[in-house]
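structure06.pdb, holding PDB, C-alpha atoms and all ligand atoms:
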```pdb
ATOM      1  CA  MET A   1      95.148  69.200 113.032
ATOM      2  CA  SER A   2      92.714  72.072 112.744
ATOM      3  CA  ILE A   3      91.780  75.692 113.364
ATOM      4  CA  VAL A   4      88.802  76.857 115.392
ATOM      5  CA  ILE A   5      87.065  80.197 114.928
ATOM      6  CA  ILE A   6      85.588  81.679 118.081
ATOM      7  CA  ARG A   7      83.592  84.901 117.857
ATOM      8  CA  GLN A   8      80.088  85.970 118.826
ATOM      9  CA  ASP A   9      79.056  87.970 115.772
ATOM     10  CA  ASP A  10      77.627  86.598 112.526
ATOM     11  CA  LYS A  11      80.971  86.382 110.713
ATOM     12  CA  ILE A  12      82.123  82.845 111.544
ATOM     13  CA  GLU A  13      81.036  81.408 108.181
ATOM     14  CA  LEU A  14      82.649  84.324 106.327
ATOM     15  CA  TRP A  15      86.049  83.638 107.930
ATOM     16  CA  LYS A  16      85.700  79.892 107.623
ATOM     17  CA  THR A  17      84.921  80.048 103.914
ATOM     18  CA  ALA A  18      87.716  82.559 103.303
ATOM     19  CA  ILE A  19      90.303  80.266 104.937
ATOM     20  CA  GLU A  20      89.021  77.090 103.299
ATOM     21  CA  THR A  21      88.990  78.794  99.917
ATOM     22  CA  ALA A  22      92.535  80.051 100.381
ATOM     23  CA  ASP A  23      93.756  76.606 101.490
ATOM     24  CA  PRO A  24      91.322  73.673 101.061
ATOM     25  CA  ASN A  25      93.715  71.386 102.973
ATOM     26  CA  ILE A  26      93.161  73.198 106.243
ATOM     27  CA  LYS A  27      90.332  71.995 108.437
ATOM     28  CA  VAL A  28      88.473  74.924 110.007
ATOM     29  CA  TYR A  29      85.657  74.678 112.536
ATOM     30  CA  SER A  30      83.244  77.063 114.098
ATOM     31  CA  TYR A  31      83.459  76.640 117.870
ATOM     32  CA  LEU A  32      79.717  76.018 117.768
ATOM     33  CA  GLU A  33      79.868  72.900 115.585
ATOM     34  CA  PRO A  34      80.964  69.417 116.720
ATOM     35  CA  HIS A  35      84.761  69.023 116.531
ATOM     36  CA  ASP A  36      87.585  67.309 118.365
ATOM     37  CA  LYS A  37      88.981  70.062 120.567
ATOM     38  CA  ASN A  38      92.167  68.097 121.210
ATOM     39  CA  LEU A  39      93.114  68.360 117.537
ATOM     40  CA  VAL A  40      92.796  72.127 117.388
ATOM     41  CA  GLU A  41      96.158  73.880 117.160
ATOM     42  CA  VAL A  42      95.102  77.435 116.485
ATOM     43  CA  ALA A  43      92.220  79.564 117.758
ATOM     44  CA  LEU A  44      91.215  82.520 115.600
ATOM     45  CA  VAL A  45      89.372  84.787 117.956
ATOM     46  CA  TRP A  46      87.459  88.032 117.990
ATOM     47  CA  LYS A  47      85.699  88.952 121.231
ATOM     48  CA  HIS A  48      85.241  85.285 122.070
ATOM     49  CA  PRO A  49      82.963  84.311 124.964
ATOM     50  CA  LYS A  50      85.059  84.422 128.116
ATOM     51  CA  GLY A  51      86.171  80.938 129.099
ATOM     52  CA  SER A  52      85.766  79.405 125.635
ATOM     53  CA  LEU A  53      89.517  79.124 124.973
ATOM     54  CA  ALA A  54      90.142  77.077 128.093
ATOM     55  CA  ALA A  55      88.548  73.994 126.467
ATOM     56  CA  TYR A  56      91.403  73.740 123.935
ATOM     57  CA  SER A  57      94.354  72.098 125.628
ATOM     58  CA  ASN A  58      96.612  71.577 122.598
ATOM     59  CA  LEU A  59      96.654  75.098 121.191
ATOM     60  CA  LYS A  60      99.976  76.242 119.743
ATOM     61  CA  TYR A  61      98.922  79.885 119.580
ATOM     62  CA  ILE A  62      95.954  82.246 119.661
ATOM     63  CA  ALA A  63      95.383  84.647 116.777
ATOM     64  CA  SER A  64      93.264  87.762 117.081
ATOM     65  CA  THR A  65      91.592  88.472 113.748
ATOM     66  CA  GLY A  66      91.750  92.190 114.532
ATOM     67  CA  ALA A  67      94.424  94.699 115.464
ATOM     68  CA  GLY A  68      93.430  94.613 119.128
ATOM     69  CA  VAL A  69      94.100  91.838 121.636
ATOM     70  CA  ASP A  70      92.690  93.466 124.784
ATOM     71  CA  PHE A  71      89.745  91.051 124.887
ATOM     72  CA  ILE A  72      92.180  88.094 125.032
ATOM     73  CA  PHE A  73      94.025  89.499 128.040
ATOM     74  CA  GLU A  74      90.740  90.421 129.703
ATOM     75  CA  ASP A  75      89.723  86.740 129.707
ATOM     76  CA  GLU A  76      91.357  85.366 132.840
ATOM     77  CA  THR A  77      90.819  81.802 131.657
ATOM     78  CA  THR A  78      92.940  82.271 128.508
ATOM     79  CA  PRO A  79      95.587  79.509 128.599
ATOM     80  CA  LYS A  80      98.826  81.027 129.928
ATOM     81  CA  ASP A  81     102.170  81.171 128.122
ATOM     82  CA  LEU A  82     100.699  80.705 124.656
ATOM     83  CA  PRO A  83     101.923  82.979 121.881
ATOM     84  CA  ILE A  84      99.298  85.530 120.831
ATOM     85  CA  THR A  85      99.307  87.223 117.447
ATOM     86  CA  ARG A  86      97.396  90.187 116.134
ATOM     87  CA  VAL A  87      96.639  91.611 112.711
ATOM     88  CA  VAL A  88      98.926  94.229 111.217
ATOM     89  CA  ASP A  89      97.426  95.045 107.892
ATOM     90  CA  THR A  90      97.765  97.863 105.393
ATOM     91  CA  MET A  91      94.034  97.918 104.660
ATOM     92  CA  LEU A  92      93.158  98.062 108.360
ATOM     93  CA  ALA A  93      95.549 100.989 108.741
ATOM     94  CA  SER A  94      94.376 102.895 105.674
ATOM     95  CA  ASP A  95      90.716 102.358 106.609
ATOM     96  CA  MET A  96      91.422 103.778 110.059
ATOM     97  CA  SER A  97      93.231 106.717 108.556
ATOM     98  CA  GLU A  98      90.336 107.472 106.183
ATOM     99  CA  TYR A  99      87.890 107.353 109.097
ATOM    100  CA  VAL A 100      89.921 109.744 111.213
ATOM    101  CA  LEU A 101      90.455 112.103 108.269
ATOM    102  CA  ALA A 102      86.691 112.139 107.665
ATOM    103  CA  ALA A 103      86.074 112.976 111.337
ATOM    104  CA  ILE A 104      88.684 115.758 111.303
ATOM    105  CA  PHE A 105      87.311 117.351 108.142
ATOM    106  CA  SER A 106      83.793 117.068 109.492
ATOM    107  CA  PHE A 107      84.889 118.925 112.647
ATOM    108  CA  LEU A 108      86.811 121.538 110.663
ATOM    109  CA  LYS A 109      83.852 122.361 108.454
ATOM    110  CA  HIS A 110      81.210 121.968 111.219
ATOM    111  CA  LEU A 111      79.348 119.392 109.128
ATOM    112  CA  ASN A 112      77.664 117.801 112.126
ATOM    113  CA  GLY A 113      76.735 121.149 113.652
ATOM    114  CA  TYR A 114      75.188 122.203 110.342
ATOM    115  CA  LYS A 115      73.271 118.922 110.172
ATOM    116  CA  VAL A 116      71.789 119.673 113.581
ATOM    117  CA  ASP A 117      71.029 123.263 112.442
ATOM    118  CA  GLN A 118      69.300 121.863 109.374
ATOM    119  CA  PHE A 119      66.890 119.876 111.516
ATOM    120  CA  HIS A 120      66.051 123.079 113.392
ATOM    121  CA  LYS A 121      65.927 125.175 110.161
ATOM    122  CA  VAL A 122      68.718 127.389 111.478
ATOM    123  CA  TRP A 123      70.867 129.392 108.987
ATOM    124  CA  LYS A 124      73.901 130.460 110.980
ATOM    125  CA  PRO A 125      77.448 130.420 109.576
ATOM    126  CA  ARG A 126      80.052 129.326 112.134
ATOM    127  CA  PRO A 127      83.708 130.436 112.356
ATOM    128  CA  TYR A 128      85.733 129.274 109.369
ATOM    129  CA  TYR A 129      88.427 126.717 110.187
ATOM    130  CA  ARG A 130      91.304 125.691 107.972
ATOM    131  CA  ILE A 131      93.773 122.830 107.970
ATOM    132  CA  SER A 132      96.517 125.262 108.953
ATOM    133  CA  ASP A 133      94.634 126.231 112.132
ATOM    134  CA  PHE A 134      95.060 122.863 113.839
ATOM    135  CA  ASN A 135      97.681 120.541 115.253
ATOM    136  CA  ILE A 136      96.422 116.996 115.157
ATOM    137  CA  GLY A 137      97.710 115.032 118.150
ATOM    138  CA  ILE A 138      97.819 111.286 117.687
ATOM    139  CA  MET A 139      98.023 109.119 120.796
ATOM    140  CA  GLY A 140      99.721 105.921 119.686
ATOM    141  CA  LEU A 141     102.231 105.806 116.852
ATOM    142  CA  GLY A 142     102.071 102.104 116.042
ATOM    143  CA  ALA A 143     100.877 100.491 112.828
ATOM    144  CA  LEU A 144      97.727 102.655 112.707
ATOM    145  CA  GLY A 145      98.986 105.958 114.080
ATOM    146  CA  THR A 146     102.001 106.057 111.778
ATOM    147  CA  VAL A 147      99.884 105.664 108.640
ATOM    148  CA  LEU A 148      97.503 108.356 109.884
ATOM    149  CA  ALA A 149     100.401 110.737 110.568
ATOM    150  CA  LYS A 150     101.746 110.259 107.036
ATOM    151  CA  ASP A 151      98.304 110.716 105.470
ATOM    152  CA  LEU A 152      97.803 113.912 107.496
ATOM    153  CA  LEU A 153     101.106 115.221 106.152
ATOM    154  CA  ARG A 154      99.846 114.654 102.621
ATOM    155  CA  PHE A 155      96.921 116.977 103.384
ATOM    156  CA  VAL A 156      99.358 119.509 104.864
ATOM    157  CA  PHE A 157      98.015 119.061 108.383
ATOM    158  CA  LYS A 158     100.406 119.469 111.300
ATOM    159  CA  PRO A 159     100.373 116.019 112.890
ATOM    160  CA  GLN A 160     102.158 115.337 116.152
ATOM    161  CA  GLY A 161     102.307 112.091 118.006
ATOM    162  CA  TRP A 162     102.683 110.722 121.493
ATOM    163  CA  SER A 163     103.762 107.204 122.315
ATOM    164  CA  ASN A 164     105.249 105.118 125.060
ATOM    165  CA  SER A 165     108.583 104.686 123.317
ATOM    166  CA  LYS A 166     110.297 107.248 121.109
ATOM    167  CA  LYS A 167     109.174 107.154 117.483
ATOM    168  CA  VAL A 168     110.735 109.009 114.587
ATOM    169  CA  ILE A 169     108.485 109.890 111.651
ATOM    170  CA  GLN A 170     109.775 112.452 109.194
ATOM    171  CA  GLY A 171     107.809 115.697 109.392
ATOM    172  CA  VAL A 172     106.018 114.705 112.599
ATOM    173  CA  THR A 173     106.833 116.126 116.033
ATOM    174  CA  THR A 174     106.878 113.192 118.415
ATOM    175  CA  TYR A 175     106.543 113.129 122.189
ATOM    176  CA  GLN A 176     107.335 110.269 124.468
ATOM    177  CA  GLY A 177     106.163 108.965 127.809
ATOM    178  CA  GLU A 178     104.678 110.714 130.817
ATOM    179  CA  THR A 179     107.190 113.560 130.942
ATOM    180  CA  GLU A 180     106.312 114.838 127.458
ATOM    181  CA  PHE A 181     102.577 114.130 127.662
ATOM    182  CA  GLY A 182     101.675 117.623 128.912
ATOM    183  CA  SER A 183     103.507 119.406 126.084
ATOM    184  CA  PHE A 184     101.822 117.141 123.575
ATOM    185  CA  LEU A 185      98.349 117.727 125.016
ATOM    186  CA  SER A 186      98.629 121.489 125.375
ATOM    187  CA  THR A 187      99.368 121.807 121.642
ATOM    188  CA  SER A 188      96.831 119.290 120.275
ATOM    189  CA  GLN A 189      93.668 121.024 119.047
ATOM    190  CA  VAL A 190      92.404 117.696 117.776
ATOM    191  CA  LEU A 191      93.216 114.642 119.880
ATOM    192  CA  VAL A 192      93.009 111.240 118.211
ATOM    193  CA  CYS A 193      93.257 108.098 120.347
ATOM    194  CA  LEU A 194      94.652 105.048 118.555
ATOM    195  CA  LEU A 195      96.305 103.460 121.579
ATOM    196  CA  PRO A 196      96.052  99.782 122.448
ATOM    197  CA  LEU A 197      93.894  99.165 125.518
ATOM    198  CA  THR A 198      96.094  97.958 128.357
ATOM    199  CA  ASN A 199      96.211  98.347 132.137
ATOM    200  CA  LYS A 200      98.191 101.530 131.598
ATOM    201  CA  THR A 201      95.875 103.116 129.033
ATOM    202  CA  THR A 202      92.482 102.218 130.514
ATOM    203  CA  GLY A 203      90.677 105.467 131.332
ATOM    204  CA  ILE A 204      93.489 107.591 129.874
ATOM    205  CA  LEU A 205      90.980 109.920 128.185
ATOM    206  CA  ASN A 206      89.843 111.597 131.376
ATOM    207  CA  ALA A 207      89.308 115.010 132.970
ATOM    208  CA  GLY A 208      93.007 115.289 133.821
ATOM    209  CA  ILE A 209      94.017 115.280 130.192
ATOM    210  CA  PHE A 210      90.976 117.152 128.855
ATOM    211  CA  GLU A 211      91.975 119.998 131.172
ATOM    212  CA  GLN A 212      95.388 120.183 129.478
ATOM    213  CA  LEU A 213      93.987 120.400 125.936
ATOM    214  CA  PRO A 214      93.534 123.825 124.345
ATOM    215  CA  ILE A 215      90.025 125.247 124.836
ATOM    216  CA  GLY A 216      87.825 124.195 121.927
ATOM    217  CA  ALA A 217      89.743 120.972 121.287
ATOM    218  CA  TYR A 218      88.067 118.051 119.560
ATOM    219  CA  LEU A 219      88.352 114.370 120.536
ATOM    220  CA  ILE A 220      88.332 111.362 118.215
ATOM    221  CA  ASN A 221      88.391 107.929 119.860
ATOM    222  CA  ALA A 222      88.639 105.048 117.421
ATOM    223  CA  ALA A 223      90.644 102.765 119.717
ATOM    224  CA  ARG A 224      88.584 101.232 122.536
ATOM    225  CA  GLY A 225      85.721 102.411 124.699
ATOM    226  CA  GLY A 226      87.766 101.530 127.789
ATOM    227  CA  HIS A 227      90.153 104.418 127.069
ATOM    228  CA  LEU A 228      87.461 106.985 127.776
ATOM    229  CA  VAL A 229      85.890 108.097 131.031
ATOM    230  CA  ASP A 230      82.476 108.855 129.546
ATOM    231  CA  GLN A 231      81.246 111.237 132.238
ATOM    232  CA  ASP A 232      84.468 113.294 132.058
ATOM    233  CA  LEU A 233      83.917 113.837 128.343
ATOM    234  CA  LEU A 234      80.291 114.873 128.928
ATOM    235  CA  ASP A 235      81.420 117.311 131.650
ATOM    236  CA  TYR A 236      84.113 118.876 129.441
ATOM    237  CA  ILE A 237      81.716 119.239 126.516
ATOM    238  CA  ASP A 238      79.164 120.799 128.868
ATOM    239  CA  ASN A 239      81.660 123.290 130.270
ATOM    240  CA  GLY A 240      82.758 124.237 126.726
ATOM    241  CA  HIS A 241      86.394 123.177 127.090
ATOM    242  CA  ILE A 242      85.906 120.406 124.525
ATOM    243  CA  ALA A 243      84.058 121.336 121.333
ATOM    244  CA  GLY A 244      82.834 117.832 120.599
ATOM    245  CA  ALA A 245      83.860 114.284 119.844
ATOM    246  CA  THR A 246      83.649 111.516 117.307
ATOM    247  CA  LEU A 247      83.474 108.116 118.989
ATOM    248  CA  ASP A 248      83.584 104.766 117.241
ATOM    249  CA  VAL A 249      84.085 102.569 120.302
ATOM    250  CA  PHE A 250      82.288 102.236 123.618
ATOM    251  CA  HIS A 251      82.500 100.470 126.956
ATOM    252  CA  GLN A 252      79.498  98.425 125.938
ATOM    253  CA  GLU A 253      78.735  97.719 122.293
ATOM    254  CA  PRO A 254      76.163  98.237 120.929
ATOM    255  CA  LEU A 255      75.971 101.445 122.960
ATOM    256  CA  PRO A 256      73.048 101.001 125.428
ATOM    257  CA  LEU A 257      69.995 103.006 124.393
ATOM    258  CA  THR A 258      69.929 104.832 127.703
ATOM    259  CA  HIS A 259      73.493 106.161 127.303
ATOM    260  CA  PRO A 260      73.695 109.996 127.265
ATOM    261  CA  PHE A 261      76.027 109.989 124.204
ATOM    262  CA  TRP A 262      73.027 109.207 121.971
ATOM    263  CA  GLU A 263      71.360 112.497 122.832
ATOM    264  CA  ASN A 264      74.412 114.751 122.750
ATOM    265  CA  GLU A 265      74.475 116.907 119.618
ATOM    266  CA  LYS A 266      78.212 117.469 119.948
ATOM    267  CA  ILE A 267      79.060 113.784 119.999
ATOM    268  CA  ASN A 268      79.102 111.815 116.775
ATOM    269  CA  ILE A 269      78.704 108.093 117.115
ATOM    270  CA  THR A 270      79.632 105.356 114.682
ATOM    271  CA  PRO A 271      79.061 101.636 115.392
ATOM    272  CA  HIS A 272      82.680 100.382 115.795
ATOM    273  CA  TYR A 273      83.127 100.683 112.087
ATOM    274  CA  ALA A 274      86.268 102.778 111.640
ATOM    275  CA  SER A 275      88.445  99.868 110.665
ATOM    276  CA  VAL A 276      87.293  96.272 110.488
ATOM    277  CA  SER A 277      89.429  93.329 109.329
ATOM    278  CA  ASP A 278      88.771  92.393 105.718
ATOM    279  CA  THR A 279      89.080  88.641 105.115
ATOM    280  CA  ASP A 280      90.743  89.031 101.682
ATOM    281  CA  SER A 281      93.402  91.251 103.171
ATOM    282  CA  VAL A 282      93.920  89.396 106.454
ATOM    283  CA  VAL A 283      93.575  85.668 105.640
ATOM    284  CA  PRO A 284      96.964  85.474 103.815
ATOM    285  CA  GLN A 285      98.811  86.621 106.952
ATOM    286  CA  LEU A 286      96.829  84.214 109.135
ATOM    287  CA  LEU A 287      97.821  81.359 106.821
ATOM    288  CA  GLU A 288     101.415  82.561 106.694
ATOM    289  CA  ASN A 289     101.535  82.203 110.466
ATOM    290  CA  TYR A 290      99.791  78.832 110.360
ATOM    291  CA  GLY A 291     102.507  77.607 107.963
ATOM    292  CA  ARG A 292     105.228  79.071 110.165
ATOM    293  CA  MET A 293     103.819  77.276 113.188
ATOM    294  CA  GLN A 294     103.812  73.970 111.285
ATOM    295  CA  ARG A 295     107.389  74.490 110.124
ATOM    296  CA  GLY A 296     108.465  75.468 113.635
ATOM    297  CA  GLU A 297     109.387  79.013 112.544
ATOM    298  CA  SER A 298     108.763  82.140 114.572
ATOM    299  CA  LEU A 299     105.345  83.761 114.193
ATOM    300  CA  LEU A 300     104.713  87.208 112.740
ATOM    301  CA  ASN A 301     102.941  90.022 114.620
ATOM    302  CA  LEU A 302     103.452  88.504 118.033
ATOM    303  CA  VAL A 303     102.029  90.367 120.985
ATOM    304  CA  SER A 304     103.954  91.051 124.179
ATOM    305  CA  GLU A 305     102.066  89.769 127.201
ATOM    306  CA  LEU A 306     104.041  92.158 129.362
ATOM    307  CA  LYS A 307     103.086  95.234 127.334
ATOM    308  CA  GLY A 308      99.582  93.942 126.578
ATOM    309  CA  TYR A 309      99.809  94.730 122.842
TER     310      TYR A 309
HETATM  311  C1  LIG B   1      89.198  96.627 115.640
HETATM  312  O1  LIG B   1      88.703  97.207 116.557
HETATM  313  C2  LIG B   1      90.431  95.873 115.705
HETATM  314  O2  LIG B   1      91.031  95.793 116.788
HETATM  315  O3  LIG B   1      90.842  95.339 114.679
END
```
Can you dump the structure from the file as structure tokens?
Ligand code: GLV
Amino acid sequence: MSIVIIRQDDKIELWKTAIETADPNIKVYSYLEPHDKNLVEVALVWKHPKGSLAAYSNLKYIASTGAGVDFIFEDETTPKDLPITRVVDTMLASDMSEYVLAAIFSFLKHLNGYKVDQFHKVWKPRPYYRISDFNIGIMGLGALGTVLAKDLLRFVFKPQGWSNSKKVIQGVTTYQGETEFGSFLSTSQVLVCLLPLTNKTTGILNAGIFEQLPIGAYLINAARGGHLVDQDLLDYIDNGHIAGATLDVFHQEPLPLTHPFWENEKINITPHYASVSDTDSVVPQLLENYGRMQRGESLLNLVSELKGY
């Protein structure tokens, strides 16, 4: 009985060692090394090559080693009817929150604009913005969005949130579903996307919603590149309706060198770094689920195939 790790970055050995160190009795393989695929019960995946899961016919479940599972559903060859789990982790959530806070403060104090000015030797104070000037609208009030909302409250921001189903968070105005989307957008001077990527949310950050934001609004997308219609953002920055954006995620990663985002002074790019699973923090929950599977107990952090997250 064994676990296979399938991912295309250089972190297979890191995860393998972390699991083996935590429990030396568990046999863990990289999908690239020789192993008996019939004995593999669990696949730990992160952006696996499409089709690679289909070779494992005795899997009991598939575990994403990140918060997102969109890449599993996007692979049409993923074995059907298998439970899928994702990571719900306090460190992942607090890292995300710190990233978004940094982006908001940077926008508020024009730090990126001043950096650009510096390169042009321009001394030109911009309008002063304060925390009290802005509502921060969070799209997605799940494990990540809720922590962000609470952290924003600690800094005396005015967070508000929008989600598919009604959420109650003390001190946070919450909006639900399509009917309340417009009211949420028209009062969000900073819009933060932390939604899962599903059929329903693909392309949700588009001209139709940018138009409803207050003029001068700022966009932060730390969810998935697939949420954003890139050209619509460029158009709304060009026409001045959107002041700028911080983007951590892209349709194609690394962002292709020819992409116009690289050259846009109002767009700040980070290399999908906002919140990345830490093995020390995440391995215990992966092993907890492995034990549950062996004991025939229900798994934690199961994903709904119907909802796609
Ligand atoms: C990161 O993007 C994650 O889904 O964990």
(Q) Distance limit 12 Å, reference ligand LIG 1 (chain B), atoms considered: only C-alpha atoms and all ligand atoms. Which residues make the cut? Give them as a ChimeraX atom specification. (A) /A:45-47,63-72,85-93,95-96,143-144,194-197,221-225,248-250,253,271-279,282,309
So which residues touch stretch 22-39 of chain A within 8 Å, counting only C-alpha atoms, skipping near sequence neighbours fewer than 2 positions away, as an mmCIF file with C-alpha atoms, keeping the file's coordinate frame?
```
data_model
loop_
_atom_site.group_PDB
_atom_site.id
_atom_site.type_symbol
_atom_site.label_atom_id
_atom_site.label_comp_id
_atom_site.auth_asym_id
_atom_site.auth_seq_id
_atom_site.Cartn_x
_atom_site.Cartn_y
_atom_site.Cartn_z
ATOM 1 C CA MET A 1 95.148 69.200 113.032
ATOM 2 C CA SER A 2 92.714 72.072 112.744
ATOM 3 C CA ILE A 3 91.780 75.692 113.364
ATOM 4 C CA VAL A 4 88.802 76.857 115.392
ATOM 5 C CA ILE A 5 87.065 80.197 114.928
ATOM 6 C CA ILE A 6 85.588 81.679 118.081
ATOM 7 C CA ILE A 12 82.123 82.845 111.544
ATOM 8 C CA GLU A 13 81.036 81.408 108.181
ATOM 9 C CA LYS A 16 85.700 79.892 107.623
ATOM 10 C CA ALA A 18 87.716 82.559 103.303
ATOM 11 C CA ILE A 19 90.303 80.266 104.937
ATOM 12 C CA GLU A 20 89.021 77.090 103.299
ATOM 13 C CA GLU A 41 96.158 73.880 117.160
ATOM 14 C CA ALA A 55 88.548 73.994 126.467
ATOM 15 C CA TYR A 56 91.403 73.740 123.935
ATOM 16 C CA SER A 57 94.354 72.098 125.628
ATOM 17 C CA ASN A 58 96.612 71.577 122.598
ATOM 18 C CA VAL A 283 93.575 85.668 105.640
ATOM 19 C CA PRO A 284 96.964 85.474 103.815
#
```
Q.
To one decimal place in Å, what is the distance between atom CA of A:Leu108 and atom CA of A:Tyr218?
A.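 Interatomic distance here is 9.6 Å.
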Q: Have a look at A:Phe105, A:Leu44, A:Phe210, A:Glu74 and name the one nearest to A:Trp15; count only C-alpha atoms.
A: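 With only C-alpha atoms as the atom set, the closest residue is A:Leu44.
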Would you give me, as a Markdown table, each residue of stretch 42-160 of chain A having an atom within 10 Å of an atom of stretch 296-299 of chain A, along with its shortest atom pair and that distance in Å to one decimal, using all atoms listed in the file and sorting by chain and residue number?
```
| residue | atom | partner | partner_atom | distance |
| --- | --- | --- | --- | --- |
| A:Tyr61 | CA | A:Leu299 | CA | 9.2 |
| A:Pro83 | CA | A:Leu299 | CA | 8.5 |
| A:Ile84 | CA | A:Leu299 | CA | 9.2 |
| A:Thr85 | CA | A:Leu299 | CA | 7.7 |
```
Residues of the last selection are to be written out with C-alpha atoms, as a JSON list (two decimals), in the coordinates of the input.
```
[["chain", "number", "residue", "atom", "x", "y", "z"],
["A", 61, "TYR", "CA", 98.92, 79.89, 119.58],
["A", 83, "PRO", "CA", 101.92, 82.98, 121.88],
["A", 84, "ILE", "CA", 99.30, 85.53, 120.83],
["A", 85, "THR", "CA", 99.31, 87.22, 117.45]]
```
Q | Proximity to A:Leu306 - best of A:Thr258, A:Asn199, A:Asn289, A:Thr174, all atoms listed in the file | A | A:Asn199
Q.
With the PyMOL selection byres (((chain A and resi 151) around 12) and not hetatm) as the selection, what would be picked from this file? Answer as a PyMOL selection string, please.
A. chain A and resi 93-102+136+144-150+152-159+169+171-172
(Q) As an exercise, work out the distance from atom CA of A:Ser165 to atom CA of A:Gly308 in Å and give it to one decimal place. (A)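 Atom CA of A:Gly308 lies at a distance of 14.4 Å from atom CA of A:Ser165.
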Q.
Let me make sure I understand: among A:Leu185, A:Gly113, A:Gly216, A:Thr17, which one has the smallest atom-to-atom distance to A:Asn239 if we use only C-alpha atoms?
A. A:Gly216
Q: To one decimal in Å, tell me the separation between atom CA of A:Pro260 and atom CA of A:Ile138.
A: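 Atom CA of A:Pro260 sits 26.0 Å away from atom CA of A:Ile138.
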Counting all atoms listed in the file, find residues at most 6 Å from (91.3, 113.8, 121.4) (file frame) and give them as an mmCIF file with C-alpha atoms, keeping the file's coordinate frame.
```cif
data_model
loop_
_atom_site.group_PDB
_atom_site.id
_atom_site.type_symbol
_atom_site.label_atom_id
_atom_site.label_comp_id
_atom_site.auth_asym_id
_atom_site.auth_seq_id
_atom_site.Cartn_x
_atom_site.Cartn_y
_atom_site.Cartn_z
ATOM 1 C CA VAL A 190 92.404 117.696 117.776
ATOM 2 C CA LEU A 191 93.216 114.642 119.880
ATOM 3 C CA VAL A 192 93.009 111.240 118.211
ATOM 4 C CA TYR A 218 88.067 118.051 119.560
ATOM 5 C CA LEU A 219 88.352 114.370 120.536
ATOM 6 C CA ILE A 220 88.332 111.362 118.215
#
```
Q | Given only C-alpha atoms as the counted atoms, nearest of A:Ser52, A:Ser304, A:Thr21, A:Gln189 to A:Arg7 | A | A:Ser52
Can you sort out stretch 292-302 of chain A so it carries N, CA, C and O atoms, written as a PDB file, in the frame of the given file?
```pdb
ATOM      1  N   ARG A 292     104.034  78.883 109.322  1.00  0.00           N
ATOM      2  CA  ARG A 292     105.228  79.071 110.165  1.00  0.00           C
ATOM      3  C   ARG A 292     105.161  78.177 111.399  1.00  0.00           C
ATOM      4  O   ARG A 292     106.155  77.583 111.794  1.00  0.00           O
ATOM      5  N   MET A 293     103.970  78.127 111.994  1.00  0.00           N
ATOM      6  CA  MET A 293     103.819  77.276 113.188  1.00  0.00           C
ATOM      7  C   MET A 293     104.123  75.824 112.824  1.00  0.00           C
ATOM      8  O   MET A 293     104.860  75.133 113.526  1.00  0.00           O
ATOM      9  N   GLN A 294     103.595  75.373 111.671  1.00  0.00           N
ATOM     10  CA  GLN A 294     103.812  73.970 111.285  1.00  0.00           C
ATOM     11  C   GLN A 294     105.277  73.673 110.990  1.00  0.00           C
ATOM     12  O   GLN A 294     105.762  72.581 111.239  1.00  0.00           O
ATOM     13  N   ARG A 295     105.966  74.685 110.457  1.00  0.00           N
ATOM     14  CA  ARG A 295     107.389  74.490 110.124  1.00  0.00           C
ATOM     15  C   ARG A 295     108.300  74.775 111.328  1.00  0.00           C
ATOM     16  O   ARG A 295     109.506  74.699 111.235  1.00  0.00           O
ATOM     17  N   GLY A 296     107.679  75.177 112.430  1.00  0.00           N
ATOM     18  CA  GLY A 296     108.465  75.468 113.635  1.00  0.00           C
ATOM     19  C   GLY A 296     109.209  76.798 113.544  1.00  0.00           C
ATOM     20  O   GLY A 296     110.188  77.022 114.264  1.00  0.00           O
ATOM     21  N   GLU A 297     108.729  77.699 112.675  1.00  0.00           N
ATOM     22  CA  GLU A 297     109.387  79.013 112.544  1.00  0.00           C
ATOM     23  C   GLU A 297     108.698  80.025 113.467  1.00  0.00           C
ATOM     24  O   GLU A 297     107.573  79.804 113.911  1.00  0.00           O
ATOM     25  N   SER A 298     109.373  81.158 113.663  1.00  0.00           N
ATOM     26  CA  SER A 298     108.763  82.140 114.572  1.00  0.00           C
ATOM     27  C   SER A 298     107.575  82.829 113.896  1.00  0.00           C
ATOM     28  O   SER A 298     107.565  83.045 112.683  1.00  0.00           O
ATOM     29  N   LEU A 299     106.582  83.176 114.712  1.00  0.00           N
ATOM     30  CA  LEU A 299     105.345  83.761 114.193  1.00  0.00           C
ATOM     31  C   LEU A 299     105.501  85.262 113.955  1.00  0.00           C
ATOM     32  O   LEU A 299     106.292  85.925 114.641  1.00  0.00           O
ATOM     33  N   LEU A 300     104.725  85.762 113.006  1.00  0.00           N
ATOM     34  CA  LEU A 300     104.713  87.208 112.740  1.00  0.00           C
ATOM     35  C   LEU A 300     103.687  87.893 113.645  1.00  0.00           C
ATOM     36  O   LEU A 300     102.709  87.274 114.055  1.00  0.00           O
ATOM     37  N   ASN A 301     103.899  89.183 113.884  1.00  0.00           N
ATOM     38  CA  ASN A 301     102.941  90.022 114.620  1.00  0.00           C
ATOM     39  C   ASN A 301     102.596  89.463 115.998  1.00  0.00           C
ATOM     40  O   ASN A 301     101.429  89.447 116.410  1.00  0.00           O
ATOM     41  N   LEU A 302     103.643  89.011 116.670  1.00  0.00           N
ATOM     42  CA  LEU A 302     103.452  88.504 118.033  1.00  0.00           C
ATOM     43  C   LEU A 302     103.179  89.649 119.001  1.00  0.00           C
ATOM     44  O   LEU A 302     103.710  90.752 118.833  1.00  0.00           O
TER      45      LEU A 302
END
```
